[in-house]
Amino acid sequence: MRSQESIFRICFRGVYSCYWTGSRDNNQRCACFWFSFLSLVSVSTLGWVYICFIAYNDHSDVNWKAFEKFSRWVNWFMCVIILSSVMAIYCLLLLLFSLFQFAIKEPLDLHWLHKVLLFLGLVIVVVGIAGISSEWKEEWSTIHLSLQATAPFLQLGAVVALTMLSWLVFQSYHRTQSAASKALIIGALVAVSVAIFLSPLLIHSPCIIDKLPPKPALIGHRGAPVLAPENTMMSFRRSAECEVIAFETDVQLSKDKKPFLMHDNGTKFLRRTTNVDVVFPEREDNSNSDFTLEELQSLKAGEWFLKTDPFWSVNLLSEEEKENARTQTVPTLSELLDLAKERNISVIFDLKNGSYDCNVTVTTILNSSISHNLIWWLPSTCREDVKKHAQSFRQVYSNVSEMKDNNGSFLNVKYSSLSTEEIRNLTSRNVMVNLWVVNERWLFSLLWCSGASSVTTNTCHVLSDMSHPDWHLKYCTYLIIWITADLVSLVLMVVLFYLQRRKKSRNLLDSSLNRKEMYPFLSKKEHVSSFE
């Protein structure tokens, strides 16, 4: 009778199978299949969410590629994260309900709507992984790198989950009557337990270290693009407030051969960060060589930042700062050099149009009054000429082989292109290693522990406030935590096994006593059955 059912039983059955008035008979094999499928999708969506949150450090790359394709700036990556998180929460809650169903001995009968949504979740995961594998392969290096930061915590989480789920495993063990099934259940549990308990033997994290290296210096990537429109004087001034050691920017030449600062290049280079569609609507698809410096500086280079809010950070700005951002224009290289000289901050840049821009750029720098040792020369196309005419420029290399060939000592590469061991080896040989673009605290912490010299970042206001990595442990401390967690888990599982066994024995005893009490009232056939 429904009146005799607990509210929890009704709730769990209703959510899982949509049968609120009572359960129905179902195929046990089919129920086991859908429970296994639910478990698979839950683990898959959870893993996909992990990938999304780790890849968030490079989310602007995805948004930029989408802008190139659709000519509209939308934070597509955040949409993916929200959708994936909702799907993962849904799957995990459904899995939790199924485990409760199993615990209270309620039949598992998954409703068809849940089945459809689970297939949808699996499709999202498969499409996402396929997309990364085909269009964003380098991100797998980031995922692999992240495990050095998260593996110790994932192992502890796995120990906790294993301990909690062992209650249901032992319940299944005591319910089954087959000796082979019991051996299979215990064998599987022992194998999984050994793998989880001993997995720290395979964990090699740079943050498990006895002596912490110095904090990496910060380089402002296009200034401070989270706090101001990228590659504007406001952005560079905001990054100077973070005590960066260098401004990173991009240099191009205008039609009248004046160096200006802008990342986007080629045709349509003004669409994303200026109001060219309003001022020069018939020329919005033109390239940098079609605009004079005067025309470029007539454009607003900050309104887009307030409208699109690319980093969801505009709310951090005061009204005065918003007005300042709105009035920003396209800056020249000379303006940045003056600011760098004033603040004694170095400048590092890419040349967007190769060797043609090199001579004019070098001449502009030499004609300024900035100290030459503040210029970090990165472009490789005209490096030899630069060495002849500006010997005091500090030469920066984009790969290890080029640096070795030139006996250099300054490397500027993407953070995922070097292993943590390679970073340590290079810095131990007095090579300055700068890694780009590092925005998230976990990644900065990992590279800090690895001994990186500096990082190029969009979030200098966040990283500058960090006085220590998010976590680091001495090896002996981690060893104690690891062994203690494993032992506590093992003891708890033994206790749970004993309690389940005791519960089963008590149930069998109660059942036997009830049958003895009912013995006088049984039929003759039931007497014989009871005796047997």
# chains A, B, ... in the order shown; residues from 1 in each chain; ligands from 1
call {"tool": "closest_atom_pairs", "arguments": {"of": "range 136-178 of chain A", "to": "range 56-64 of chain A", "cutoff": "12 Å", "atoms": "only C-alpha atoms", "output": "JSON lines"}}
result
{"residue": "A:Trp136", "atom": "CA", "partner": "A:Val62", "partner_atom": "CA", "distance": 8.7}
{"residue": "A:Glu138", "atom": "CA", "partner": "A:Asp58", "partner_atom": "CA", "distance": 10.7}
{"residue": "A:Glu139", "atom": "CA", "partner": "A:Asp58", "partner_atom": "CA", "distance": 8.5}
{"residue": "A:Trp140", "atom": "CA", "partner": "A:Asp58", "partner_atom": "CA", "distance": 11.9}
{"residue": "A:Thr142", "atom": "CA", "partner": "A:Asn57", "partner_atom": "CA", "distance": 9.3}
{"residue": "A:Ile143", "atom": "CA", "partner": "A:Tyr56", "partner_atom": "CA", "distance": 10.9}
{"residue": "A:Ser146", "atom": "CA", "partner": "A:Asn57", "partner_atom": "CA", "distance": 11.0}
call {"tool": "closest_atom_pairs", "arguments": {"of": "range 256-358 of chain A", "to": "range 362-381 of chain A", "cutoff": "6 Å", "atoms": "only C-alpha atoms", "output": "tab-separated table"}}
result
residue	atom	partner	partner_atom	distance
A:Lys341	CA	A:Ile370	CA	5.2
A:Ser346	CA	A:Leu374	CA	4.3
A:Val347	CA	A:Ile375	CA	5.2
A:Ile348	CA	A:Trp376	CA	4.9
A:Ser355	CA	A:Thr381	CA	5.6
call {"tool": "closest_residue", "arguments": {"among": "A:Trp167, A:Phe410, A:Phe247, A:Tyr356", "to": "Val494 in chain A", "atoms": "only C-alpha atoms"}}
result
A:Trp167
call {"tool": "select_by_dssp", "arguments": {"residues": "range 182-380 of chain A", "states": "strand (DSSP E or B)", "output": "list in words"}}
result
Ile208, Ala217, Leu218, Ile219, Gly220, His221, Ala246, Phe247, Glu248, Thr249, Asp250, Val251, Gln252, Leu253, Pro259, Phe260, Leu261, Thr332, Ser346, Val347, Ile348, Phe349, Asp350, Leu351, Ile375, Trp376 and Trp377 of chain A
call {"tool": "write_last_selection", "arguments": {"atoms": "N, CA and C atoms", "output": "tab-separated table (two decimals), in the first residue's frame"}}
result
chain	number	residue	atom	x	y	z
A	208	ILE	N	54.98	19.08	-4.93
A	208	ILE	CA	55.44	18.26	-3.80
A	208	ILE	C	56.95	18.45	-3.76
A	217	ALA	N	58.02	36.35	-12.16
A	217	ALA	CA	57.65	37.73	-12.48
A	217	ALA	C	56.49	37.72	-13.47
A	218	LEU	N	55.82	38.87	-13.61
A	218	LEU	CA	54.64	38.97	-14.47
A	218	LEU	C	54.91	39.88	-15.66
A	219	ILE	N	54.39	39.50	-16.81
A	219	ILE	CA	54.44	40.30	-18.03
A	219	ILE	C	53.01	40.54	-18.49
A	220	GLY	N	52.65	41.77	-18.73
A	220	GLY	CA	51.28	42.12	-19.09
A	220	GLY	C	50.97	41.81	-20.55
A	221	HIS	N	50.12	40.82	-20.81
A	221	HIS	CA	49.76	40.42	-22.16
A	221	HIS	C	48.80	41.43	-22.77
A	246	ALA	N	57.38	43.70	-17.72
A	246	ALA	CA	57.42	43.98	-19.16
A	246	ALA	C	56.00	44.13	-19.69
A	247	PHE	N	55.88	44.96	-20.74
A	247	PHE	CA	54.65	45.06	-21.52
A	247	PHE	C	54.79	44.17	-22.74
A	248	GLU	N	53.80	43.29	-22.98
A	248	GLU	CA	53.79	42.49	-24.21
A	248	GLU	C	52.75	43.08	-25.14
A	249	THR	N	53.13	43.26	-26.42
A	249	THR	CA	52.19	43.87	-27.37
A	249	THR	C	52.46	43.36	-28.78
A	250	ASP	N	51.75	43.96	-29.75
A	250	ASP	CA	51.87	43.57	-31.16
A	250	ASP	C	52.01	44.85	-31.98
A	251	VAL	N	52.99	44.86	-32.88
A	251	VAL	CA	53.30	46.07	-33.65
A	251	VAL	C	52.99	45.85	-35.13
A	252	GLN	N	52.32	46.85	-35.72
A	252	GLN	CA	52.05	46.86	-37.16
A	252	GLN	C	52.38	48.25	-37.69
A	253	LEU	N	52.48	48.38	-39.01
A	253	LEU	CA	52.73	49.68	-39.64
A	253	LEU	C	51.48	50.18	-40.35
A	259	PRO	N	54.50	52.97	-36.72
A	259	PRO	CA	54.19	51.76	-35.92
A	259	PRO	C	53.06	52.03	-34.92
A	260	PHE	N	52.04	51.18	-34.95
A	260	PHE	CA	50.94	51.26	-33.99
A	260	PHE	C	50.72	49.88	-33.37
A	261	LEU	N	49.92	49.84	-32.32
A	261	LEU	CA	49.75	48.61	-31.54
A	261	LEU	C	48.37	48.01	-31.77
A	332	THR	N	50.27	54.39	-30.45
A	332	THR	CA	51.48	54.18	-31.25
A	332	THR	C	52.54	53.48	-30.41
A	346	SER	N	60.20	46.87	-19.19
A	346	SER	CA	60.66	46.39	-20.50
A	346	SER	C	59.49	46.25	-21.47
A	347	VAL	N	59.83	46.12	-22.75
A	347	VAL	CA	58.83	45.95	-23.81
A	347	VAL	C	59.22	44.75	-24.66
A	348	ILE	N	58.26	43.86	-24.89
A	348	ILE	CA	58.44	42.71	-25.78
A	348	ILE	C	57.26	42.69	-26.74
A	349	PHE	N	57.52	42.41	-28.02
A	349	PHE	CA	56.43	42.50	-28.99
A	349	PHE	C	56.62	41.54	-30.14
A	350	ASP	N	55.51	41.26	-30.83
A	350	ASP	CA	55.51	40.53	-32.09
A	350	ASP	C	55.38	41.55	-33.22
A	351	LEU	N	56.02	41.26	-34.35
A	351	LEU	CA	55.81	42.03	-35.57
A	351	LEU	C	54.81	41.27	-36.43
A	375	ILE	N	64.45	46.76	-24.10
A	375	ILE	CA	63.80	46.18	-25.28
A	375	ILE	C	64.16	44.69	-25.36
A	376	TRP	N	63.13	43.85	-25.30
A	376	TRP	CA	63.31	42.41	-25.45
A	376	TRP	C	62.91	42.06	-26.88
A	377	TRP	N	63.90	41.72	-27.70
A	377	TRP	CA	63.63	41.50	-29.12
A	377	TRP	C	63.21	40.06	-29.36
call {"tool": "residues_around", "arguments": {"residues": "Asn288 in chain A", "least_positions_apart": "2", "cutoff": "12 Å", "atoms": "only C-alpha atoms", "output": "ChimeraX atom specification"}}
result
/A:251-271,283-286,290-293,295-296,352-353,357
call {"tool": "write_last_selection", "arguments": {"atoms": "N, CA, C and O atoms", "output": "short mmCIF file (atom, residue, chain, number, x, y, z; two decimals), in the first residue's frame"}}
result
data_model
loop_
_atom_site.label_atom_id
_atom_site.label_comp_id
_atom_site.auth_asym_id
_atom_site.auth_seq_id
_atom_site.Cartn_x
_atom_site.Cartn_y
_atom_site.Cartn_z
N VAL A 251 52.99 44.86 -32.88
CA VAL A 251 53.30 46.07 -33.65
C VAL A 251 52.99 45.85 -35.13
O VAL A 251 53.35 44.83 -35.71
N GLN A 252 52.32 46.85 -35.72
CA GLN A 252 52.05 46.86 -37.16
C GLN A 252 52.38 48.25 -37.69
O GLN A 252 52.51 49.21 -36.92
N LEU A 253 52.48 48.38 -39.01
CA LEU A 253 52.73 49.68 -39.64
C LEU A 253 51.48 50.18 -40.35
O LEU A 253 50.79 49.41 -41.02
N SER A 254 51.23 51.45 -40.21
CA SER A 254 50.10 52.08 -40.90
C SER A 254 50.49 52.39 -42.34
O SER A 254 51.63 52.15 -42.77
N LYS A 255 49.58 52.93 -43.08
CA LYS A 255 49.83 53.28 -44.48
C LYS A 255 50.97 54.27 -44.61
O LYS A 255 51.75 54.21 -45.57
N ASP A 256 51.10 55.19 -43.65
CA ASP A 256 52.17 56.19 -43.67
C ASP A 256 53.38 55.74 -42.86
O ASP A 256 54.16 56.57 -42.38
N LYS A 257 53.53 54.43 -42.68
CA LYS A 257 54.73 53.82 -42.08
C LYS A 257 54.96 54.26 -40.63
O LYS A 257 56.08 54.48 -40.20
N LYS A 258 53.89 54.34 -39.87
CA LYS A 258 53.99 54.65 -38.44
C LYS A 258 53.62 53.40 -37.63
O LYS A 258 52.56 52.81 -37.86
N PRO A 259 54.50 52.97 -36.72
CA PRO A 259 54.19 51.76 -35.92
C PRO A 259 53.06 52.03 -34.92
O PRO A 259 53.12 52.97 -34.14
N PHE A 260 52.04 51.18 -34.95
CA PHE A 260 50.94 51.26 -33.99
C PHE A 260 50.72 49.88 -33.37
O PHE A 260 51.27 48.89 -33.84
N LEU A 261 49.92 49.84 -32.32
CA LEU A 261 49.75 48.61 -31.54
C LEU A 261 48.37 48.01 -31.77
O LEU A 261 47.35 48.65 -31.51
N MET A 262 48.35 46.77 -32.26
CA MET A 262 47.09 46.04 -32.42
C MET A 262 47.40 44.58 -32.69
O MET A 262 48.33 44.27 -33.44
N HIS A 263 46.63 43.71 -32.08
CA HIS A 263 46.86 42.28 -32.25
C HIS A 263 46.32 41.76 -33.57
O HIS A 263 47.02 41.08 -34.33
N ASP A 264 45.04 42.03 -33.86
CA ASP A 264 44.42 41.51 -35.08
C ASP A 264 45.11 42.12 -36.30
O ASP A 264 45.41 43.32 -36.32
N ASN A 265 45.32 41.31 -37.34
CA ASN A 265 45.97 41.82 -38.54
C ASN A 265 45.33 41.23 -39.78
O ASN A 265 44.44 40.37 -39.69
N GLY A 266 45.78 41.67 -40.94
CA GLY A 266 45.18 41.21 -42.18
C GLY A 266 43.90 41.97 -42.47
O GLY A 266 43.63 43.04 -41.91
N THR A 267 43.08 41.44 -43.37
CA THR A 267 41.80 42.07 -43.65
C THR A 267 40.87 41.94 -42.44
O THR A 267 41.01 41.01 -41.64
N LYS A 268 39.98 42.87 -42.30
CA LYS A 268 39.02 42.90 -41.20
C LYS A 268 39.70 43.05 -39.84
O LYS A 268 39.11 42.73 -38.81
N PHE A 269 40.96 43.57 -39.83
CA PHE A 269 41.71 43.61 -38.58
C PHE A 269 41.14 44.60 -37.57
O PHE A 269 41.46 44.54 -36.39
N LEU A 270 40.30 45.51 -38.01
CA LEU A 270 39.75 46.53 -37.11
C LEU A 270 38.37 46.17 -36.56
O LEU A 270 37.86 46.85 -35.68
N ARG A 271 37.77 45.11 -37.09
CA ARG A 271 36.38 44.80 -36.75
C ARG A 271 36.17 44.51 -35.26
O ARG A 271 35.20 44.97 -34.67
N ARG A 283 35.16 50.59 -45.50
CA ARG A 283 36.54 50.11 -45.46
C ARG A 283 36.79 49.13 -44.31
O ARG A 283 37.94 48.84 -43.98
N GLU A 284 35.74 48.59 -43.73
CA GLU A 284 35.94 47.75 -42.54
C GLU A 284 36.62 46.43 -42.84
O GLU A 284 37.13 45.77 -41.94
N ASP A 285 36.68 46.04 -44.12
CA ASP A 285 37.37 44.79 -44.48
C ASP A 285 38.80 45.03 -44.96
O ASP A 285 39.48 44.09 -45.38
N ASN A 286 39.28 46.26 -44.89
CA ASN A 286 40.62 46.58 -45.37
C ASN A 286 41.68 46.15 -44.37
O ASN A 286 41.40 45.85 -43.22
N ASP A 290 46.03 50.10 -45.45
CA ASP A 290 45.05 50.97 -46.09
C ASP A 290 44.63 52.15 -45.21
O ASP A 290 43.80 52.97 -45.62
N PHE A 291 45.18 52.23 -43.99
CA PHE A 291 44.79 53.29 -43.06
C PHE A 291 46.03 54.07 -42.62
O PHE A 291 47.06 53.49 -42.26
N THR A 292 45.90 55.39 -42.65
CA THR A 292 46.96 56.22 -42.07
C THR A 292 46.83 56.20 -40.55
O THR A 292 45.78 55.82 -40.00
N LEU A 293 47.89 56.62 -39.87
CA LEU A 293 47.84 56.66 -38.41
C LEU A 293 46.75 57.60 -37.93
O LEU A 293 46.05 57.30 -36.94
N GLU A 295 43.93 58.25 -39.35
CA GLU A 295 42.64 57.58 -39.50
C GLU A 295 42.46 56.53 -38.41
O GLU A 295 41.36 56.39 -37.85
N LEU A 296 43.51 55.80 -38.11
CA LEU A 296 43.43 54.78 -37.06
C LEU A 296 43.11 55.40 -35.71
O LEU A 296 42.31 54.87 -34.94
N LYS A 352 53.67 41.89 -36.70
CA LYS A 352 52.59 41.17 -37.36
C LYS A 352 52.81 40.98 -38.85
O LYS A 352 52.20 40.12 -39.48
N ASN A 353 53.67 41.80 -39.46
CA ASN A 353 53.84 41.71 -40.91
C ASN A 353 55.27 41.44 -41.33
O ASN A 353 55.74 41.88 -42.38
N ASP A 357 58.30 45.35 -41.62
CA ASP A 357 58.08 46.30 -40.52
C ASP A 357 59.30 46.47 -39.64
O ASP A 357 59.34 47.38 -38.81
#
call {"tool": "atom_distance", "arguments": {"atom1": "CA of Ile209 in chain A", "atom2": "CA of Val194 in chain A"}}
result
25.5 Å
call {"tool": "select_by_dssp", "arguments": {"residues": "range 256-366 of chain A", "states": "helix (DSSP H, G or I)", "output": "PyMOL selection string"}}
result
chain A and resi 276-279+281-283+288-290+293-296+303-308+314-316+319-326+333-343+356-366
